[in-house]
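> start39.txt is reproduced in full below (compact mmCIF, C-alpha atoms and all ligand atoms).
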# COMPACT_ATOMS: atom_id res chain seq x y z
CA MET A 19 -83.97 -54.50 -83.08
CA ASP A 20 -82.67 -51.62 -80.97
CA ALA A 21 -83.53 -52.22 -77.28
CA LYS A 22 -82.51 -48.65 -76.38
CA SER A 23 -85.49 -47.28 -78.33
CA LEU A 24 -88.11 -49.50 -76.66
CA ILE A 25 -90.82 -47.84 -74.57
CA LYS A 26 -93.44 -50.49 -73.82
CA GLY A 27 -94.69 -53.65 -75.57
CA LYS A 28 -93.63 -53.14 -79.18
CA VAL A 29 -93.62 -49.34 -79.12
CA HIS A 30 -90.31 -47.64 -79.98
CA TYR A 31 -89.14 -44.06 -79.84
CA VAL A 32 -87.91 -42.85 -83.24
CA GLY A 33 -88.01 -39.08 -82.70
CA VAL A 34 -85.21 -36.57 -83.28
CA ASN A 35 -83.65 -33.59 -81.51
CA ASP A 36 -83.38 -30.08 -82.92
CA ARG A 37 -80.58 -28.05 -81.33
CA ASN A 38 -80.17 -25.84 -84.40
CA LYS A 39 -83.36 -23.84 -84.66
CA HIS A 40 -83.37 -20.55 -82.77
CA LEU A 41 -87.08 -19.82 -82.89
CA PHE A 42 -89.93 -22.32 -82.83
CA GLU A 43 -92.75 -21.26 -85.19
CA GLY A 44 -90.38 -18.41 -86.09
CA MET A 45 -91.20 -16.73 -82.77
CA TRP A 46 -90.38 -18.68 -79.62
CA PRO A 47 -86.77 -19.05 -78.41
CA LEU A 48 -85.52 -22.59 -77.93
CA SER A 49 -83.07 -22.23 -75.05
CA TYR A 50 -82.88 -25.99 -74.59
CA GLY A 51 -83.83 -26.98 -78.15
CA VAL A 52 -86.85 -29.12 -78.95
CA SER A 53 -87.56 -32.74 -79.84
CA TYR A 54 -89.90 -33.90 -82.57
CA ASN A 55 -91.23 -37.21 -81.35
CA SER A 56 -92.39 -40.08 -83.48
CA TYR A 57 -93.23 -43.60 -82.37
CA LEU A 58 -92.87 -46.86 -84.26
CA ILE A 59 -95.03 -49.84 -83.32
CA ASP A 60 -93.14 -52.93 -84.43
CA ASP A 61 -96.11 -55.28 -84.26
CA ASP A 62 -97.49 -57.99 -86.61
CA ILE A 63 -98.68 -55.00 -88.55
CA VAL A 64 -96.20 -52.10 -88.37
CA ALA A 65 -97.50 -48.61 -87.66
CA LEU A 66 -95.78 -45.26 -87.27
CA VAL A 67 -97.31 -42.50 -85.14
CA ASP A 68 -96.54 -39.04 -86.53
CA THR A 69 -93.31 -38.05 -88.31
CA VAL A 70 -90.65 -35.37 -87.74
CA ASP A 71 -89.48 -32.07 -89.22
CA ALA A 72 -88.34 -32.78 -92.79
CA CYS A 73 -84.79 -31.52 -92.03
CA TYR A 74 -84.26 -34.64 -89.93
CA PHE A 75 -85.72 -37.19 -92.33
CA GLU A 76 -82.48 -39.12 -92.92
CA VAL A 77 -81.88 -39.58 -89.19
CA PHE A 78 -85.52 -40.52 -88.77
CA LEU A 79 -85.44 -43.12 -91.56
CA ARG A 80 -82.27 -44.66 -90.15
CA LYS A 81 -83.92 -45.03 -86.75
CA ILE A 82 -86.94 -46.70 -88.33
CA ARG A 83 -84.79 -49.12 -90.34
CA ASN A 84 -82.67 -49.99 -87.30
CA ILE A 85 -85.85 -51.42 -85.84
CA ILE A 86 -87.78 -52.94 -88.73
CA GLY A 87 -85.08 -53.44 -91.35
CA ASP A 88 -86.68 -53.90 -94.75
CA ARG A 89 -90.17 -54.67 -93.45
CA PRO A 90 -92.80 -52.25 -94.73
CA ILE A 91 -94.76 -49.82 -92.59
CA GLN A 92 -98.45 -50.51 -93.17
CA TYR A 93 -99.93 -47.51 -91.37
CA LEU A 94 -98.89 -43.93 -90.71
CA ILE A 95 -101.11 -42.48 -87.99
CA VAL A 96 -101.25 -38.70 -88.26
CA ASN A 97 -102.36 -37.27 -84.94
CA HIS A 98 -101.36 -33.73 -85.87
CA MET A 99 -100.59 -31.94 -89.13
CA GLU A 100 -98.41 -29.02 -88.01
CA PRO A 101 -95.27 -29.36 -90.17
CA ASP A 102 -92.95 -30.03 -87.22
CA HIS A 103 -94.71 -33.43 -87.14
CA SER A 104 -96.06 -33.90 -90.63
CA GLY A 105 -93.01 -32.52 -92.48
CA SER A 106 -91.67 -35.95 -93.42
CA ILE A 107 -94.91 -37.35 -94.86
CA ARG A 108 -94.03 -36.78 -98.51
CA LEU A 109 -90.57 -38.35 -98.13
CA LEU A 110 -91.98 -41.23 -96.10
CA LYS A 111 -94.54 -41.89 -98.82
CA HIS A 112 -91.66 -41.98 -101.31
CA TYR A 113 -89.88 -44.72 -99.32
CA TYR A 114 -93.09 -46.53 -98.34
CA PRO A 115 -95.45 -45.94 -101.30
CA ASP A 116 -98.07 -48.43 -100.06
CA ILE A 117 -98.37 -46.90 -96.61
CA VAL A 118 -101.96 -46.30 -95.52
CA ILE A 119 -102.40 -42.92 -93.86
CA VAL A 120 -104.68 -42.86 -90.82
CA GLY A 121 -106.33 -39.57 -89.98
CA ASN A 122 -109.72 -37.97 -89.58
CA LYS A 123 -111.86 -35.98 -91.96
CA GLN A 124 -109.86 -32.80 -91.30
CA THR A 125 -106.47 -34.46 -91.77
CA PHE A 126 -106.51 -35.48 -95.41
CA GLY A 127 -107.26 -32.07 -96.92
CA MET A 128 -104.22 -30.73 -95.05
CA ILE A 129 -101.97 -33.58 -96.25
CA GLU A 130 -102.96 -32.88 -99.83
CA GLY A 131 -102.67 -29.12 -99.34
CA PHE A 132 -99.25 -29.14 -97.69
CA TYR A 133 -97.63 -32.08 -99.46
CA GLY A 134 -99.74 -33.05 -102.47
CA VAL A 135 -99.96 -36.55 -100.98
CA THR A 136 -102.97 -38.69 -101.78
CA GLY A 137 -103.42 -42.46 -101.86
CA GLU A 138 -104.82 -45.11 -99.60
CA ARG A 139 -106.26 -43.84 -96.36
CA TYR A 140 -108.16 -44.93 -93.28
CA GLU A 141 -110.44 -42.10 -92.23
CA VAL A 142 -111.27 -42.55 -88.56
CA LYS A 143 -114.11 -41.22 -86.46
CA GLU A 144 -114.32 -40.94 -82.69
CA GLY A 145 -113.74 -44.34 -81.08
CA ASP A 146 -112.64 -46.17 -84.25
CA PHE A 147 -110.21 -49.02 -83.82
CA LEU A 148 -107.09 -50.51 -85.38
CA ASP A 149 -105.76 -53.94 -84.40
CA LEU A 150 -102.01 -54.34 -85.03
CA GLY A 151 -101.72 -57.79 -83.44
CA TYR A 152 -100.44 -57.20 -79.90
CA HIS A 153 -101.35 -53.52 -79.72
CA LYS A 154 -104.99 -52.45 -80.14
CA LEU A 155 -105.37 -48.80 -81.01
CA ARG A 156 -108.39 -46.59 -80.48
CA PHE A 157 -108.74 -43.09 -81.89
CA TYR A 158 -110.09 -40.05 -80.10
CA LEU A 159 -110.74 -36.74 -81.85
CA THR A 160 -109.37 -33.79 -79.88
CA PRO A 161 -109.91 -30.78 -82.16
CA MET A 162 -107.98 -27.57 -81.39
CA VAL A 163 -105.38 -29.25 -79.20
CA HIS A 164 -103.70 -27.60 -81.11
CA TRP A 165 -105.18 -27.52 -84.65
CA PRO A 166 -108.66 -28.58 -85.86
CA GLU A 167 -107.48 -32.00 -87.09
CA THR A 168 -105.69 -32.99 -83.89
CA MET A 169 -106.53 -36.40 -82.51
CA MET A 170 -105.03 -38.82 -80.01
CA THR A 171 -104.36 -42.53 -80.33
CA TYR A 172 -104.69 -44.79 -77.32
CA ASP A 173 -103.16 -48.26 -77.12
CA GLU A 174 -105.58 -50.37 -75.09
CA THR A 175 -103.06 -53.20 -74.60
CA ASP A 176 -100.39 -51.32 -72.66
CA GLY A 177 -102.14 -48.05 -71.81
CA VAL A 178 -99.96 -45.86 -74.05
CA LEU A 179 -101.47 -42.54 -75.08
CA PHE A 180 -100.05 -40.95 -78.22
CA ALA A 181 -101.14 -37.45 -77.33
CA GLY A 182 -99.98 -35.15 -80.13
CA ASP A 183 -98.87 -31.77 -78.77
CA ALA A 184 -100.75 -32.27 -75.51
CA PHE A 185 -98.49 -32.78 -72.47
CA GLY A 186 -95.54 -31.66 -74.56
CA CYS A 187 -92.73 -29.29 -73.68
CA PHE A 188 -89.68 -27.62 -75.16
CA GLY A 189 -86.27 -29.18 -74.48
CA THR A 190 -84.33 -31.85 -76.35
CA LEU A 191 -84.02 -35.43 -75.12
CA ASP A 192 -80.36 -35.75 -74.23
CA GLY A 193 -79.61 -39.46 -74.17
CA GLY A 194 -82.72 -40.97 -72.64
CA PHE A 195 -86.32 -40.15 -73.46
CA ILE A 196 -88.36 -41.83 -70.68
CA ASP A 197 -88.88 -39.71 -67.57
CA THR A 198 -87.70 -42.49 -65.22
CA ARG A 199 -84.26 -42.51 -66.82
CA ILE A 200 -83.51 -38.81 -67.16
CA ASN A 201 -83.20 -35.69 -65.03
CA THR A 202 -86.50 -33.93 -65.79
CA ASP A 203 -85.70 -30.62 -64.01
CA LYS A 204 -85.32 -28.52 -67.15
CA TYR A 205 -88.67 -29.57 -68.58
CA TRP A 206 -91.10 -28.18 -66.01
CA ASP A 207 -90.71 -24.47 -66.78
CA GLU A 208 -90.33 -25.36 -70.43
CA MET A 209 -93.69 -27.12 -70.24
CA VAL A 210 -95.39 -23.99 -68.94
CA ARG A 211 -93.63 -21.87 -71.56
CA TYR A 212 -94.55 -24.32 -74.32
CA TYR A 213 -98.17 -24.45 -73.18
CA SER A 214 -98.55 -20.68 -72.77
CA ASN A 215 -96.84 -19.85 -76.08
CA ILE A 216 -98.22 -22.58 -78.33
CA VAL A 217 -101.42 -24.03 -76.88
CA GLY A 218 -102.40 -21.18 -74.54
CA LYS A 219 -105.41 -19.99 -76.51
CA TYR A 220 -107.05 -23.42 -76.47
CA GLY A 221 -107.92 -23.91 -72.81
CA ASN A 222 -111.44 -25.19 -73.46
CA PRO A 223 -110.42 -27.82 -76.04
CA VAL A 224 -107.68 -29.01 -73.66
CA GLN A 225 -110.25 -29.32 -70.88
CA LYS A 226 -112.53 -31.34 -73.19
CA ALA A 227 -109.67 -33.67 -74.07
CA LEU A 228 -108.77 -34.14 -70.39
CA ALA A 229 -112.40 -35.00 -69.62
CA LYS A 230 -112.39 -37.59 -72.42
CA PHE A 231 -109.50 -39.46 -70.80
CA ALA A 232 -110.59 -38.99 -67.19
CA GLY A 233 -111.43 -42.66 -66.58
CA VAL A 234 -108.82 -44.13 -68.90
CA ASP A 235 -105.90 -46.08 -67.46
CA ILE A 236 -102.88 -44.30 -68.94
CA LYS A 237 -99.48 -45.84 -68.19
CA ALA A 238 -97.39 -43.81 -70.64
CA ILE A 239 -97.95 -40.50 -72.38
CA CYS A 240 -96.13 -40.20 -75.68
CA SER A 241 -96.34 -36.55 -76.68
CA THR A 242 -94.91 -35.06 -79.86
CA HIS A 243 -92.45 -32.92 -77.85
CA GLY A 244 -90.39 -33.72 -74.76
CA PRO A 245 -90.05 -36.83 -72.62
CA VAL A 246 -92.26 -39.89 -72.57
CA TRP A 247 -94.11 -39.51 -69.30
CA THR A 248 -94.68 -42.51 -67.03
CA GLU A 249 -94.06 -41.90 -63.31
CA ASN A 250 -94.76 -38.16 -63.75
CA ILE A 251 -98.18 -38.55 -65.38
CA PRO A 252 -100.15 -37.03 -62.45
CA ARG A 253 -97.82 -34.01 -62.36
CA VAL A 254 -97.95 -33.48 -66.13
CA VAL A 255 -101.73 -33.85 -66.34
CA GLY A 256 -102.04 -31.53 -63.32
CA ILE A 257 -99.99 -28.82 -65.05
CA TYR A 258 -102.04 -29.03 -68.25
CA ASP A 259 -105.26 -29.08 -66.25
CA ARG A 260 -104.34 -25.98 -64.22
CA LEU A 261 -103.00 -24.03 -67.19
CA SER A 262 -106.01 -24.81 -69.39
CA ARG A 263 -108.31 -23.57 -66.62
CA TYR A 264 -106.13 -20.44 -66.47
CA GLU A 265 -105.56 -21.19 -62.80
CA ALA A 266 -102.61 -19.27 -61.37
CA GLU A 267 -100.70 -18.92 -58.13
CA GLU A 268 -100.34 -15.86 -55.94
CA GLY A 269 -97.83 -13.49 -57.47
CA VAL A 270 -97.47 -10.49 -59.73
CA VAL A 271 -95.87 -10.02 -63.13
CA ILE A 272 -94.78 -6.43 -63.69
CA ALA A 273 -94.05 -5.89 -67.36
CA TYR A 274 -92.98 -2.46 -68.45
CA GLY A 275 -91.48 -0.53 -71.31
CA THR A 276 -88.95 2.19 -70.61
CA MET A 277 -86.69 4.37 -72.73
CA TYR A 278 -84.71 6.42 -70.20
CA GLY A 279 -85.62 4.67 -66.95
CA ASN A 280 -88.43 6.91 -65.69
CA THR A 281 -91.27 4.45 -66.31
CA GLU A 282 -89.02 1.77 -64.87
CA GLN A 283 -88.89 3.72 -61.60
CA MET A 284 -92.67 3.49 -61.40
CA ALA A 285 -92.35 -0.29 -61.78
CA GLU A 286 -89.69 -0.38 -59.03
CA ALA A 287 -91.91 1.60 -56.65
CA ILE A 288 -94.82 -0.76 -57.29
CA ALA A 289 -92.66 -3.84 -56.81
CA ALA A 290 -91.16 -2.54 -53.54
CA GLU A 291 -94.59 -1.88 -52.08
CA LEU A 292 -95.91 -5.27 -53.21
CA SER A 293 -93.00 -6.85 -51.40
CA ALA A 294 -93.63 -4.72 -48.30
CA GLN A 295 -97.21 -5.98 -48.39
CA GLY A 296 -96.03 -9.59 -48.20
CA ILE A 297 -96.21 -10.65 -51.85
CA ARG A 298 -93.26 -12.96 -52.44
CA ASN A 299 -93.67 -13.91 -56.08
CA ILE A 300 -92.87 -10.76 -58.01
CA VAL A 301 -91.45 -11.09 -61.50
CA MET A 302 -90.35 -7.97 -63.37
CA HIS A 303 -89.82 -7.85 -67.12
CA ASN A 304 -88.45 -4.99 -69.18
CA VAL A 305 -90.30 -5.74 -72.42
CA SER A 306 -87.36 -4.56 -74.51
CA LYS A 307 -85.12 -7.17 -72.89
CA SER A 308 -87.29 -10.14 -71.89
CA HIS A 309 -88.60 -12.12 -74.81
CA PRO A 310 -92.44 -12.20 -74.73
CA SER A 311 -92.25 -15.97 -74.65
CA TYR A 312 -90.98 -15.79 -71.06
CA ILE A 313 -93.35 -13.00 -70.05
CA LEU A 314 -96.33 -15.03 -71.28
CA MET A 315 -95.07 -17.99 -69.27
CA ASP A 316 -95.14 -15.86 -66.13
CA VAL A 317 -98.55 -14.39 -66.96
CA PHE A 318 -99.87 -17.96 -67.06
CA LYS A 319 -98.15 -18.72 -63.75
CA TYR A 320 -99.25 -15.73 -61.67
CA LYS A 321 -102.61 -14.24 -60.84
CA GLY A 322 -101.58 -10.56 -60.81
CA LEU A 323 -100.49 -8.56 -63.83
CA ILE A 324 -99.29 -4.95 -63.81
CA VAL A 325 -98.31 -3.39 -67.11
CA GLY A 326 -96.62 -0.05 -67.69
CA SER A 327 -95.70 1.95 -70.75
CA PRO A 328 -94.32 5.30 -71.79
CA THR A 329 -96.18 7.18 -74.50
CA TYR A 330 -94.49 6.74 -77.86
CA SER A 331 -95.71 8.72 -80.88
CA ASN A 332 -99.11 9.07 -79.24
CA GLN A 333 -99.32 5.29 -78.76
CA ILE A 334 -98.36 2.58 -76.32
CA TYR A 335 -94.62 1.81 -76.47
CA PRO A 336 -94.43 -0.62 -79.43
CA GLU A 337 -92.82 -3.50 -77.53
CA MET A 338 -95.53 -3.25 -74.89
CA ALA A 339 -98.29 -3.03 -77.51
CA ALA A 340 -96.98 -6.26 -79.04
CA LEU A 341 -97.03 -7.98 -75.65
CA LEU A 342 -100.57 -6.83 -74.89
CA ASP A 343 -101.70 -8.24 -78.25
CA LYS A 344 -100.13 -11.58 -77.39
CA ILE A 345 -101.92 -11.64 -74.04
CA LEU A 346 -105.27 -10.85 -75.68
CA LEU A 347 -104.71 -13.46 -78.38
CA ARG A 348 -104.49 -16.18 -75.74
CA GLU A 349 -107.78 -15.18 -74.14
CA ILE A 350 -106.26 -15.59 -70.69
CA LYS A 351 -108.93 -15.46 -68.03
CA GLY A 352 -109.19 -14.44 -64.41
CA ARG A 353 -106.20 -12.17 -63.85
CA TYR A 354 -106.08 -9.12 -61.58
CA LEU A 355 -104.82 -6.12 -63.49
CA GLY A 356 -103.15 -2.82 -62.74
CA TYR A 357 -101.58 -0.45 -65.25
CA PHE A 358 -99.48 2.67 -65.32
CA GLY A 359 -97.73 4.88 -67.82
CA SER A 360 -95.90 8.07 -68.56
CA PHE A 361 -95.59 10.82 -71.11
CA CYS A 362 -93.45 13.81 -71.88
CA TRP A 363 -95.79 16.36 -73.46
CA ALA A 364 -99.10 14.56 -74.23
CA GLY A 365 -100.37 11.40 -72.56
CA ALA A 366 -101.68 8.47 -74.63
CA ALA A 367 -100.25 5.20 -73.28
CA VAL A 368 -102.44 5.01 -70.17
CA LYS A 369 -105.59 5.76 -72.15
CA ARG A 370 -104.75 3.08 -74.70
CA MET A 371 -103.87 0.55 -72.01
CA GLY A 372 -107.37 1.22 -70.70
CA GLU A 373 -108.65 -0.19 -74.00
CA PHE A 374 -106.53 -3.30 -73.39
CA ALA A 375 -107.90 -3.56 -69.85
CA GLU A 376 -111.46 -3.50 -71.17
CA LYS A 377 -110.82 -6.09 -73.87
CA SER A 378 -108.99 -8.43 -71.49
CA LYS A 379 -111.97 -8.57 -69.08
CA PHE A 380 -109.42 -8.80 -66.25
CA GLU A 381 -110.42 -7.44 -62.85
CA ILE A 382 -108.93 -3.95 -62.47
CA VAL A 383 -107.64 -3.52 -58.93
CA ALA A 384 -107.20 0.29 -58.84
CA ASP A 385 -107.15 3.41 -60.97
CA PRO A 386 -104.18 3.58 -63.33
CA VAL A 387 -101.23 5.79 -62.51
CA GLU A 388 -100.05 8.34 -65.04
CA MET A 389 -96.79 10.27 -64.69
CA LYS A 390 -95.52 13.32 -66.53
CA GLN A 391 -91.80 13.09 -67.33
CA ALA A 392 -90.31 11.81 -64.06
CA MET A 393 -91.08 10.57 -60.54
CA LYS A 394 -92.52 13.03 -58.00
CA GLU A 395 -93.73 12.48 -54.45
CA ILE A 396 -97.29 12.06 -55.72
CA THR A 397 -96.17 9.42 -58.24
CA TYR A 398 -94.61 7.32 -55.47
CA GLU A 399 -97.85 7.57 -53.49
CA GLN A 400 -99.98 6.62 -56.49
CA CYS A 401 -97.73 3.67 -57.40
CA GLU A 402 -97.81 2.44 -53.80
CA HIS A 403 -101.57 2.75 -53.76
CA LEU A 404 -101.81 0.59 -56.89
CA ALA A 405 -99.46 -1.97 -55.36
CA ARG A 406 -101.44 -2.11 -52.10
CA ALA A 407 -104.69 -2.63 -54.03
CA MET A 408 -103.12 -5.51 -55.94
CA ALA A 409 -101.71 -7.07 -52.78
CA GLU A 410 -105.06 -6.79 -50.99
CA ARG A 411 -106.89 -8.41 -53.91
CA LEU A 412 -104.42 -11.29 -54.00
CA LYS A 413 -104.56 -11.79 -50.25
CA LYS A 414 -108.36 -12.06 -50.35
CA ASP A 415 -107.88 -15.35 -52.20
CA ARG A 416 -105.75 -16.85 -49.43
CA VAL A 417 -107.60 -19.60 -47.65
FE1 LIG T 501 -95.67 -29.46 -82.37
FE2 LIG T 501 -98.79 -28.07 -83.06
O1 LIG T 501 -97.13 -28.86 -83.42
Could you spell out this file's structure in structure tokens?

Amino acid sequence: MDAKSLIKGKVHYVGVNDRNKHLFEGMWPLSYGVSYNSYLIDDDIVALVDTVDACYFEVFLRKIRNIIGDRPIQYLIVNHMEPDHSGSIRLLKHYYPDIVIVGNKQTFGMIEGFYGVTGERYEVKEGDFLDLGYHKLRFYLTPMVHWPETMMTYDETDGVLFAGDAFGCFGTLDGGFIDTRINTDKYWDEMVRYYSNIVGKYGNPVQKALAKFAGVDIKAICSTHGPVWTENIPRVVGIYDRLSRYEAEEGVVIAYGTMYGNTEQMAEAIAAELSAQGIRNIVMHNVSKSHPSYILMDVFKYKGLIVGSPTYSNQIYPEMAALLDKILLREIKGRYLGYFGSFCWAGAAVKRMGEFAEKSKFEIVADPVEMKQAMKEITYEQCEHLARAMAERLKKDRV
């Protein structure tokens, strides 16, 4: 048995680290890598909770065998089917052909569809139970946190919640994996970025899941990504609660596209006036330089959003259009919005950003500012007016 892997009772960490992949889901940069977490319960009856990306199967299998040797695994509990967690199911079934897969009605169609795996199964419904000997597991269905089949498994003996993607974050586990034994600094922003990029659209399902566990005594959260949370549980739950309610702090994200720096000067004028008005949290992103992953993180953090774009082939600047789509996709609620744009010979960006403003249902703080070619005295005045309107709206929320 490997004592280093032990979490609580008979629960072991058998996850792996990915420091190779550049983009998670092919889209989201992994500056600090990512962990794929799996948990082995070495009880009278052995159970495994989730698997790992198939690329890491050999490492994964070695970790399992270091703990249980040649003993069989009776149950594989599949809390989530996204392939970063389910990718090793087919190989696992090869090494443990008698394993019983535990999932809900939605799970098994996906297992067959992705991996062609059938065989013995335990199909659970809300509140169903599995007794492993020391650990007593209860299953809770939490659809759309993050896929329709997602569920969570709660160990009633030691208060361990196997939470799937919920409460997860980017960032590998470098040495230790329990929050009490590691420096957790790098994970907090990575948690917001993970949430806003991956789970951001599913605020209501996250709220429903949080309500389900409101009265439950949770002593450890074992997510599929990032550290095992113990002493930080209130902070982690607080972050997920705030983000899933789309609650944000005072501050403004100014995201802009620019080709030759003229639209950027509008952004600078707005930012300077916001600062003069006493707004301290101002984050500026050139959409051609900042990856949208980080812009989305800031949009989730801050209440104010100001977007700006030059006109490009009678459209919004393409990088900005892509960002606006990503914001709409996440159905972010309750932001204050301002927008501005520019053109050389025929204006289109501002008009089209107006369509975004309408779809977003954000509160528009002032008329948009439109500039022809380059900054003039009137443009400075209009940009400052927009900034003052945003600052005033934000300040109204101060207690
Ligand atoms: Fe980490 Fe939704 O999978």
> For a quick check of understanding, using all atoms listed in the file, which of A:Ile297, A:Ile107, A:Ala289, A:Ala384 has the smallest distance to Arg416 (chain A)?
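Smallest separation from Arg416 (chain A) among the options: A:Ile297.
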> To one decimal place in Å, what is the distance between CA of Ile216 (chain A) and CA of Val383 (chain A)?
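We find that CA of Ile216 (chain A) and CA of Val383 (chain A) lie 28.8 Å from each other.
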> Which protein, DNA or RNA residues have an atom at most 6 Å from (-105.8, -26.6, -79.4), counting all atoms listed in the file? List them as number ranges by chain.
A: 162-165, 217, 220, 223
> Considering all atoms listed in the file, return as an MDAnalysis selection string whatever protein or nucleic-acid residues lie within 8 Å of Ser378 (chain A), sequence-local ones (same chain, fewer than 2 positions apart) excluded.
chainID A and resid 346 349:351 374:376 380
> What's the separation between CA of Pro90 (chain A) and CA of Val67 (chain A), in Å to one decimal place?
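Pair CA of Pro90 (chain A) / CA of Val67 (chain A) returns 14.4 Å.
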> Determine the nearest neighbour of Met45 (chain A) from the options A:Tyr133, A:Tyr354, A:Tyr330, A:Tyr312, counting only C-alpha atoms.
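Closest residue, counting only C-alpha atoms: A:Tyr312.
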> Nearest residue to Glu208 (chain A) out of A:Gly182, A:Gly365, A:Gly356, A:Gly51, using only C-alpha atoms?
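Among A:Gly182, A:Gly365, A:Gly356, A:Gly51, it is A:Gly51 that comes nearest to Glu208 (chain A).
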> Which one of A:Leu159, A:Val77, A:Met371, A:Met408 sits closest to Ala340 (chain A) if you count all atoms listed in the file?
A:Met371
> Which chains and residue numbers are within 12 Å of ligand LIG 501 (chain T), counting all atoms listed in the file, if I want them as number ranges by chain?
A: 42-43, 52-56, 68-71, 96-105, 161-169, 181-188, 212-213, 215-218, 220, 241-244
> Quick one: residues within 12 Å of Asp203 (chain A), only C-alpha atoms counted, chain neighbours fewer than 5 positions away excluded, as a list in words?
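Near neighbours after the sequence-gap exclusion: Tyr50, Gly189, Asp197, Glu208, Met209, Pro245 and Asn250 of chain A.
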> Go through A:Ala392, A:Ile196, A:Ile91, A:Val305 and flag the residue nearest Val271 (chain A), using all atoms listed in the file for the distances.
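Between A:Ala392, A:Ile196, A:Ile91, A:Val305, the residue approaching Val271 (chain A) most closely is A:Val305.
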> Just to confirm, what's the straight-line distance from CA of Gly359 (chain A) to CA of Ser311 (chain A) in Å (one decimal)?
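CA of Gly359 (chain A) sits 22.6 Å away from CA of Ser311 (chain A).
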> Taking all atoms listed in the file into account, which of A:Ile324, A:Ile117, A:Ala367, A:Ile200 comes nearest Arg89 (chain A)?
A:Ile117
> Using only C-alpha atoms, which protein or nucleic acid residues come within 12 Å of Asn332 (chain A)? Drop anything in the same chain fewer than 2 positions from it, and give the result as a list in words.
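So, after excluding close chain neighbours, the residues are Ser327, Pro328, Thr329, Tyr330, Ile334, Tyr335, Pro336, Ser360, Phe361, Cys362, Trp363, Ala364, Gly365, Ala366, Ala367, Val368, Lys369 and Arg370 of chain A.
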> Need the shell around Ser262 (chain A): protein/DNA/RNA residues with any atom at most 7 Å away, counting all atoms listed in the file. Skip same-chain ones fewer than 5 positions apart. Format as a ChimeraX atom specification?
/A:221-222,224-225
> At a cut-off of 12 Å, using all atoms listed in the file, what residues contact Glu282 (chain A)? Leave out same-chain residues fewer than 4 positions from it and give the result as a list of chain:residue names.
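The neighbour list is A:Ile272, A:Ala273, A:Tyr274, A:Gly275, A:Thr276, A:Met277, A:Tyr278, A:Glu286, A:Ala287, A:Ile288, A:Ala289, A:Met302, A:His303, A:Asn304, A:Val305, A:Ser306, A:Val325, A:Gly326, A:Ser327, A:Pro328, A:Phe358, A:Gly359, A:Ser360, A:Met389, A:Gln391, A:Ala392, A:Met393, A:Cys401.
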> At a cut-off of 12 Å from (-104.8, -43.3, -79.8) in the coordinates of the file, what residues are picked up using all atoms listed in the file, written as a ChimeraX atom specification?
/A:57,65-68,95-98,120-121,142-149,153-160,168-182,231,234,236,238-241
